[in-house]
Structure formats: C-alpha cells, structure tokens
Amino acid sequence: MTFFNFIGSNGQLLAAAGAVFSAMFAGIGSAIGVGHAGEAGAAIIAEDPDKFGSVLVLQLLPGTQGIYGLLIGFVIASKAHLLGGGGAAISTAAGLQLFFAALPAAFGGFLSAIAQGKTAAAGIMLVGKRPEESGKALIFTVMVETYAVLALLFSFLMVNGVQV
Amino acid sequence: MIVPMKRLTLLGLKSEEKSILGALQALGAVEILSSQTAEGGDLPLLESRVQRLQSAQQQLKPFAPKAGLGPKPIYGAKALKEGLPAAMQLCEQVEELDRARGGLRGDIDKRRALIAALEPWRSLTSGIESIHATESIRYITGFLPEEGLQALQELGAAAEVYGGEKDRAVLIACLAPAYAEVTARLKNMAFKEYNFPQLSGTPQQNITALTAEIEALAQKEEALLAELGALGAQRAALCCAQDAAIIERDLAVGCASLGGTHTTFLLEGWARSDQTELIHETLERLTSKYYIAFADPGPEDDVPTVLKNSRLIAPYEAVTGLYSMPAASGIDGTPLFAPFYFIFFGMMLSDTAYGIVLAVGAYLFLRFIRPKGMMESLARVLLQGGISTIFMGLLFGTFAGMSWPDIFKGLPFASWFPLIDSAAQPIPMLAVCAGLGIVHMFFAVCIATWRCIQQKDWWGAIIDNFCWLIIISGLLMLASPAVGFPKAVATVGQWMAIGAAAAVFLFSGRAKGFTPGRFVSGAGKLYDVTAWLGDVLSYARIFALGLSTGVIGLVLNTLCWDMLFAAFKGNIVLTAIGFAITAVLSIGLHLFMMAISTLGCFIHTARLQYVEFFGKFYEVGSNVFTPLKYAPRHVEIAKE
C-alpha cells in the first residue's frame, strides 16, 4: 500500500491531521502573540508595577485563539472517534471534510493571534503613557479578535455539519 | 440627555476669593475657564507637597498592612485637612529615614567597589603604603593580559604576578633610570596602570576591614528599615494627607487661573443649567458681596458636555464615554442605545449560569466595595448585562455549557429550550441577528432623520437618511419571496428601491449644482449600499460570540466530567476524590472562560453601538465638563 493509498483509505487519519492543525497552529499563534504582549508588558511594569492589572488583561487577549483552536481540535477529535480509543472508523470523505473544516480555526487563529499580540503590545504602551485610556487600548485589541471568532464560528459550523 | 450649560460670570472680593472658590470646589459644579496660566505663588510648593506625600506613602507601602477589598474610607474635607500638619511631620520622618538609608547604601556600594578593586591583589603581602617610589627604585602597578606575562621576563625589571582572571595584577619594580623605557615597553604590551587608593596595610587586611564595615553598615540599614517598618502602620495617614494636599493644590490652581484686579476677582466658567440655584444658595450662605450672571452660550463658545440620565440608563454613559462624549449641539446616544446594549450583551454571552454569576458578582461588588465613577458604571452595566444573559441563555444558549434539553430531561417543557439552537440551526440564528441589526440601524437612521428635521434640513432628512430606509426595506421585500411572501411584495419592493435609489443618485450631490460632479457623488453615495451589507453582516458577531461561549463551555464539561472524572473509576473513595478535583477544576475553568467571554461581549456590544449605530447620526464632542471639585485618590469625601 502506498503512502497516498494509506491516507486515502483512512478517514480518521485525515480528521486527526485536522484536529492537530487546529490546535497546533492556533496555539503557536497565541504563544507568539502573548509573548509579544508580555515583552511590552514587562517594559511597562518595570516603570510602574501598579499597572499590572490592566497590562495583564491586554496580554491575555491573544491567548484566546489557542483556546479556540484547541476547541475545534477537540470537537473534531471527538466527532472522528479519536478520543478514548477504539471508535468506529469514519469514511475518507468525512475525514477530508473535517480536515478542511479545521483550517479556518487553524490559520485564522494563527495569524490573528500574532496580529492581536502586536496590537496588544501597542495597547500596553498606550497604557504605560496614559493609564486612563486603558479602555481604548482594550477595544483596539479585541477588534482583532473578531476574525478569530468568525473563523471559530465557521470551523464549528462546518465540523458540525459533517456527517460521520 | 445632554444637560444644557450656562456661561457663568462671577465677580467677588479678592479677600473672599479663597473661601468662595473653596465652597464651589466642595460643590463641584463650576468649570473655570482660565484667563491666565496658573503658575507662581504657592503653586510649586503645593505641588511638591503632593509629590513628597506620594513618594513617602509609596516608601511605606511594603510595610503597611495589606489593604483588603472594601470601599474607600470616608472622611470629611475638614477632618482631612486637619490631619495634614501631623502627616507632614511623618512625611519628613520617612524622608529622613529614606535619605539616611540612601546614604548607607551609597557607603556600602563604595566599599563593595573597593573590595572588588583590591580582590586581584589579595596575595600581595606588603602594605599598600610601602609601595611608593624611592630614590633609586620605581614601582609600577597595573594589569596585564594573560598572554603578555611571558614578555615580562624580557622587560629587564623585577615583576611579580598576583590574581585576576583575564587581566592579571602585576607589580613591577625597576631602577629609576630605566623607568621611562620600561613604561614605554609596557604600553606596547597593553598594560593598564592601576594606582592604589590611599590605604595602609596589605590588600587582604583592607578587604577584611571593609567587609566588617559593610556588615556594620548593613546592620544599620536593617535598623533603619525596621524603623520605616514601624511607621508602615501610619501609611493611611499619609494617603489621607496626600488627598488633602491634592485638594488644596487644585484650589490654588483654580485661584491662580482667575482674572481680576488687586481687590476683586473675576471667574468665568461653565455651570450646569440645573445647578444654577445651588450655586446661588452656596454663595449666599458665604457672603453678600458678589455679582453673578448666567448666560446662554453663544454660537462661538466651545460648550462642555455633561450627561444626565435615569438611574437605569446612567451606567451606560460609561460606554458612551469610552467612545467620546457627544458635542453639546448634538444628541446623547446613551438612552437610545441602552436597550440594544442590554439585548445584544445577553445574546452574546447567552449562558444562564454565567449570567447568574455575573449579575450576583456585580451586585456584591457594588454592595460591598462601593466603587465610584467609571468602575461603578461598568459594574452596573455588567449587572444588567448579567440579567439579560440569564434570559437570553434560556432562549439561545446553555447553562454552564450544558444544553437545556439535558437539564430539563424528563420534564414536559424540556424540548422548548433553547428557542433557537444556534449550533444546529445556524441560518435562523443568523437571520435573527441580521434582523436585530437592521432594526438597530434603522432606528439610528430615524434619529438622524429627526435631527435633520429639527435643523430644518429637509433635503438631508429625505435624501441622506429617509431614502435609505426605503432602499433597504425595498431590497428586503425583493428578497422576501424566498421565505414565502407573495411575489407582488417583491415587485413593490423592487420599485421602492429603484425609486429611492434614483432620488439618492440625483440629489446626493445637490450642493454641486447641475455639474457632472453631482452625479459622480450621487453614484458614489449609492455605493454605500455595500456598507449597509457589511454593517448587517457585522451583527453576525452576536451569533459567533454566543456560539463560542456555548461551545467552550461544552468542551470544558466534556474534558472535565466525561474524561477526567471518568478516569477516577473504582471504589467510592477514589470517586469522591475525583469528584472534588474535577469540580474545583471545572468551576475554575468556567470562571476563567466567563471572564474572557464577558470582556469580549462587553467590547463587541460596544462596537456595534460605536460603528453601526453612532456612525449614522452621532456628533462627537471634544470638551468634557470638568468642574473644580474634590478629586481624592485614596479616600471618599463625605458630603456636608
């Protein structure tokens, strides 16, 4: 059996790839985003430790994409009987559908988390200079999240619609 | 609503300036228009007093008893002021201790640096004082790189090598006549000369003595720290004094920015029209020698804005404030968007359990912490949002991630909830969101139309606003047969849209006369239909956030209960332990996700107001009413 035959005849493998993509890419994006924001946050806290609360909230925001990715990964895994060991096999078509359904959460999450991390870092700088405007920094940062939420929504609807 | 403002002119005696302004500060009802930059006089002194108290209370912060959660202490303005002299003494004490500590730290650092410099010479056995030039012998001390040591042999002088890592400490002795030549050769060997400080005894003896001195100094520092620590309990007094100093400084800034002569002062400023009586009464109680006049603002005045709303609506002013206050000539959007905010927030969070936690949490926060200002408003918005979420959770959502049919299992009405299962029926849910969005935006356009009518801008009302209601309604009717409406509705809708679009095309550029530019701007205006489409789709975020809350909750439950708890199979003890761990974990995770979701819902709901709603009619103001008032940081001032 060639490699492609193997993949082609194994729906669960494709679904697993989708689940892993979703959790992995969104997770990487969030790690980078939270990292960016954390660096900026440390710089501000060095000057004024009292701003920790508002800086922490901003740093946290790019972390949600990782959660969304994990979530889609989890839903796919449970749909494709990958959890708990030993479920009925699923068709190749269903596996491929689940794989594609994972892509919005994976890549939407990956890139939006990085972008959100940058915005959060800028927002943290804003808080450093003008703490009274922290609400606005929050708004800018959450705006980026819109696209992660839309990606999550679409991934979820797709996954939900797949007939296993 | 926007409170109408009055331009205030107050004339009074210079001798009563401070008492009058003090009373107005307590009232907090007058914004002063500075007629000159506030500077000079006592101001630098008063400002530095605020700063000194600030840094003194910060010094004591690590030693003060931890402030628990709770409301700010309440003081009378008078009591606060009376505590100021004693607190200044305390402040001086803290500053004195801090200075002494700074001195000690400097001394310790100096000694540490000296030890570091002497360290390479530790094995030198002769006294430092004995290394000096004699009649026939010259000494050279310094550092030579490791690789240059070989060349020392050929120097023609006696050399001894001591410690040091990369650069080695070297003592060289040569005859006086050879000194110039030796130093020249040393220079070529990258030798760095080092002169001992004025010390006596061997380096080892010095290092021992210095270490002992450092220890003694550190002990002194400890003692100072203990003294500071003992003062820690009195930090609250410094905080109160700082607030008293802030109040005095603000008053002085107010006084300094007034115009006037040697014997009179002139205050020009703004006051709320509903507080003019109050200002009158306050002045009357103080003196009879004054003149006051309230005038309506003129067209060239930059009038400050202040909002007034009912108790239920007022918290949403914080949401308006986050965007921008309206212009005084504009309209306050707060009461107009508040009902939509209430509904949208609930639909986005849409989890009854989260709603209960949020509402109860916000209520307890308000009840026991008694926040003020922005925090209070936000807590009230969240309290209302929580109540909305409880109901919306029943209609569209879940209970802590569990679906309603599961919770009500076996009950006759189990299948009623949720009314729309958004995960299984995304299209109806999207339609509900878009429908609400259209209602929301139509309402905004109606407000804009009404504003145009008020200003007698008839063209603006019909072409720029009302026609869009017709176009969008027509397009909706055109699409309506898809959901079972008769075809005739579509035909009517089609002609409505075409007619209104033609009007927009012909009259949008009416200011340009009958030129080609008129029709270019008309066509450009028609392109706005895409903006409408984008705006309607924007309301899909309600669905997206609602669904994400539900799905995250569902996954949390599966992870915790179906997987983690299921792993604790076996005897009853194991099951009990598993239950406890899983329960704590799932509550913690749910709370965390609730906090993140609440933040997202709060901001996305606000965004729908800012962009989709305000975008249609809102006029932004730049001037917020900032009256002279008590602005304490640490305490709350009791009303007298």
# chains A, B, ... in the order shown; residues from 1 in each chain; ligands from 1
$ interface_residues --of "chain A" --to "chain B" --cutoff "8 Å" --atoms "only C-alpha atoms" --output "PyMOL selection string"
chain A and resi 68+71+74-75+135-136+139+142-143+146+149-150+152-153+157+160
$ residues_around --residues "Ala46 (chain A)" --least-positions-apart "6" --cutoff "12 Å" --atoms "only C-alpha atoms" --output "ChimeraX atom specification"
/A:39-40,52,55,128
$ residues_around --residues "Phe21 (chain A)" --least-positions-apart "3" --cutoff "10 Å" --atoms "only C-alpha atoms" --output "count of residues only"
18
$ select_by_dssp --residues "region 28-158 of chain A" --states "alpha helix (DSSP H)" --output "PyMOL selection string"
chain A and resi 28-47+52-60+64-79+92-103+109-129+134-158
$ residues_around --residues "Ala252 (chain B)" --least-positions-apart "6" --cutoff "12 Å" --atoms "only C-alpha atoms" --output "ChimeraX atom specification"
/B:17-19,21-22,25,38-47,245-246,258,628
$ write_last_selection --atoms "N, CA and C atoms" --output "mmCIF file, in the first residue's frame"
data_model
loop_
_atom_site.group_PDB
_atom_site.id
_atom_site.type_symbol
_atom_site.label_atom_id
_atom_site.label_comp_id
_atom_site.auth_asym_id
_atom_site.auth_seq_id
_atom_site.Cartn_x
_atom_site.Cartn_y
_atom_site.Cartn_z
ATOM 1 N N GLU B 17 -11.857 85.447 47.901
ATOM 2 C CA GLU B 17 -11.655 84.560 46.752
ATOM 3 C C GLU B 17 -11.520 83.102 47.183
ATOM 4 N N LYS B 18 -10.660 82.893 48.178
ATOM 5 C CA LYS B 18 -10.345 81.514 48.544
ATOM 6 C C LYS B 18 -11.557 80.814 49.148
ATOM 7 N N SER B 19 -12.294 81.541 49.996
ATOM 8 C CA SER B 19 -13.429 80.881 50.640
ATOM 9 C C SER B 19 -14.536 80.606 49.625
ATOM 10 N N LEU B 21 -14.149 80.144 46.316
ATOM 11 C CA LEU B 21 -13.719 79.059 45.430
ATOM 12 C C LEU B 21 -13.722 77.720 46.169
ATOM 13 N N GLY B 22 -13.351 77.778 47.457
ATOM 14 C CA GLY B 22 -13.376 76.550 48.260
ATOM 15 C C GLY B 22 -14.780 75.972 48.325
ATOM 16 N N GLN B 25 -15.608 74.483 45.086
ATOM 17 C CA GLN B 25 -14.900 73.208 44.910
ATOM 18 C C GLN B 25 -15.659 72.094 45.622
ATOM 19 N N ALA B 38 -2.041 79.068 35.192
ATOM 20 C CA ALA B 38 -1.856 79.022 36.642
ATOM 21 C C ALA B 38 -0.393 78.740 36.948
ATOM 22 N N GLU B 39 0.289 79.721 37.524
ATOM 23 C CA GLU B 39 1.688 79.484 37.925
ATOM 24 C C GLU B 39 2.061 80.500 38.998
ATOM 25 N N GLY B 40 3.231 80.321 39.571
ATOM 26 C CA GLY B 40 3.736 81.262 40.566
ATOM 27 C C GLY B 40 3.072 81.070 41.918
ATOM 28 N N GLY B 41 3.348 81.996 42.827
ATOM 29 C CA GLY B 41 2.766 81.942 44.163
ATOM 30 C C GLY B 41 3.161 80.672 44.898
ATOM 31 N N ASP B 42 2.183 80.113 45.592
ATOM 32 C CA ASP B 42 2.440 78.914 46.374
ATOM 33 C C ASP B 42 2.427 77.643 45.541
ATOM 34 N N LEU B 43 2.065 77.760 44.261
ATOM 35 C CA LEU B 43 1.784 76.552 43.489
ATOM 36 C C LEU B 43 2.906 75.515 43.477
ATOM 37 N N PRO B 44 4.176 75.944 43.190
ATOM 38 C CA PRO B 44 5.238 74.923 43.179
ATOM 39 C C PRO B 44 5.350 74.213 44.526
ATOM 40 N N LEU B 45 5.162 74.984 45.595
ATOM 41 C CA LEU B 45 5.265 74.410 46.941
ATOM 42 C C LEU B 45 4.155 73.389 47.174
ATOM 43 N N LEU B 46 2.931 73.764 46.778
ATOM 44 C CA LEU B 46 1.793 72.866 46.976
ATOM 45 C C LEU B 46 1.941 71.609 46.126
ATOM 46 N N GLU B 47 2.448 71.797 44.917
ATOM 47 C CA GLU B 47 2.642 70.647 44.031
ATOM 48 C C GLU B 47 3.702 69.714 44.620
ATOM 49 N N ALA B 245 -3.706 67.392 50.389
ATOM 50 C CA ALA B 245 -2.779 68.257 49.652
ATOM 51 C C ALA B 245 -3.250 68.444 48.215
ATOM 52 N N ILE B 246 -3.811 67.366 47.638
ATOM 53 C CA ILE B 246 -4.323 67.473 46.258
ATOM 54 C C ILE B 246 -5.460 68.489 46.214
ATOM 55 N N LEU B 258 -7.685 82.610 37.864
ATOM 56 C CA LEU B 258 -8.728 83.627 37.771
ATOM 57 C C LEU B 258 -8.137 84.963 37.334
ATOM 58 N N LEU B 628 -14.256 72.227 38.885
ATOM 59 C CA LEU B 628 -13.333 72.231 40.016
ATOM 60 C C LEU B 628 -14.026 71.466 41.137
#
$ residues_around --residues "Leu96 (chain A)" --least-positions-apart "3" --cutoff "9 Å" --atoms "only C-alpha atoms" --output "ChimeraX atom specification"
/A:11-12,14-15,18,91-93,99-101
$ write_last_selection --atoms "C-alpha atoms" --output "short mmCIF file (atom, residue, chain, number, x, y, z; two decimals), in the first residue's frame"
data_model
loop_
_atom_site.label_atom_id
_atom_site.label_comp_id
_atom_site.auth_asym_id
_atom_site.auth_seq_id
_atom_site.Cartn_x
_atom_site.Cartn_y
_atom_site.Cartn_z
CA GLY A 11 -10.58 8.94 7.22
CA GLN A 12 -9.58 9.07 10.85
CA LEU A 14 -7.23 12.97 7.94
CA ALA A 15 -9.50 14.02 10.77
CA GLY A 18 -7.25 18.48 11.02
CA SER A 91 -15.14 7.49 5.78
CA THR A 92 -12.36 9.18 3.84
CA ALA A 93 -14.76 11.85 2.64
CA PHE A 99 -9.63 18.34 7.83
CA PHE A 100 -10.78 21.28 5.74
CA ALA A 101 -13.21 22.40 8.40
#
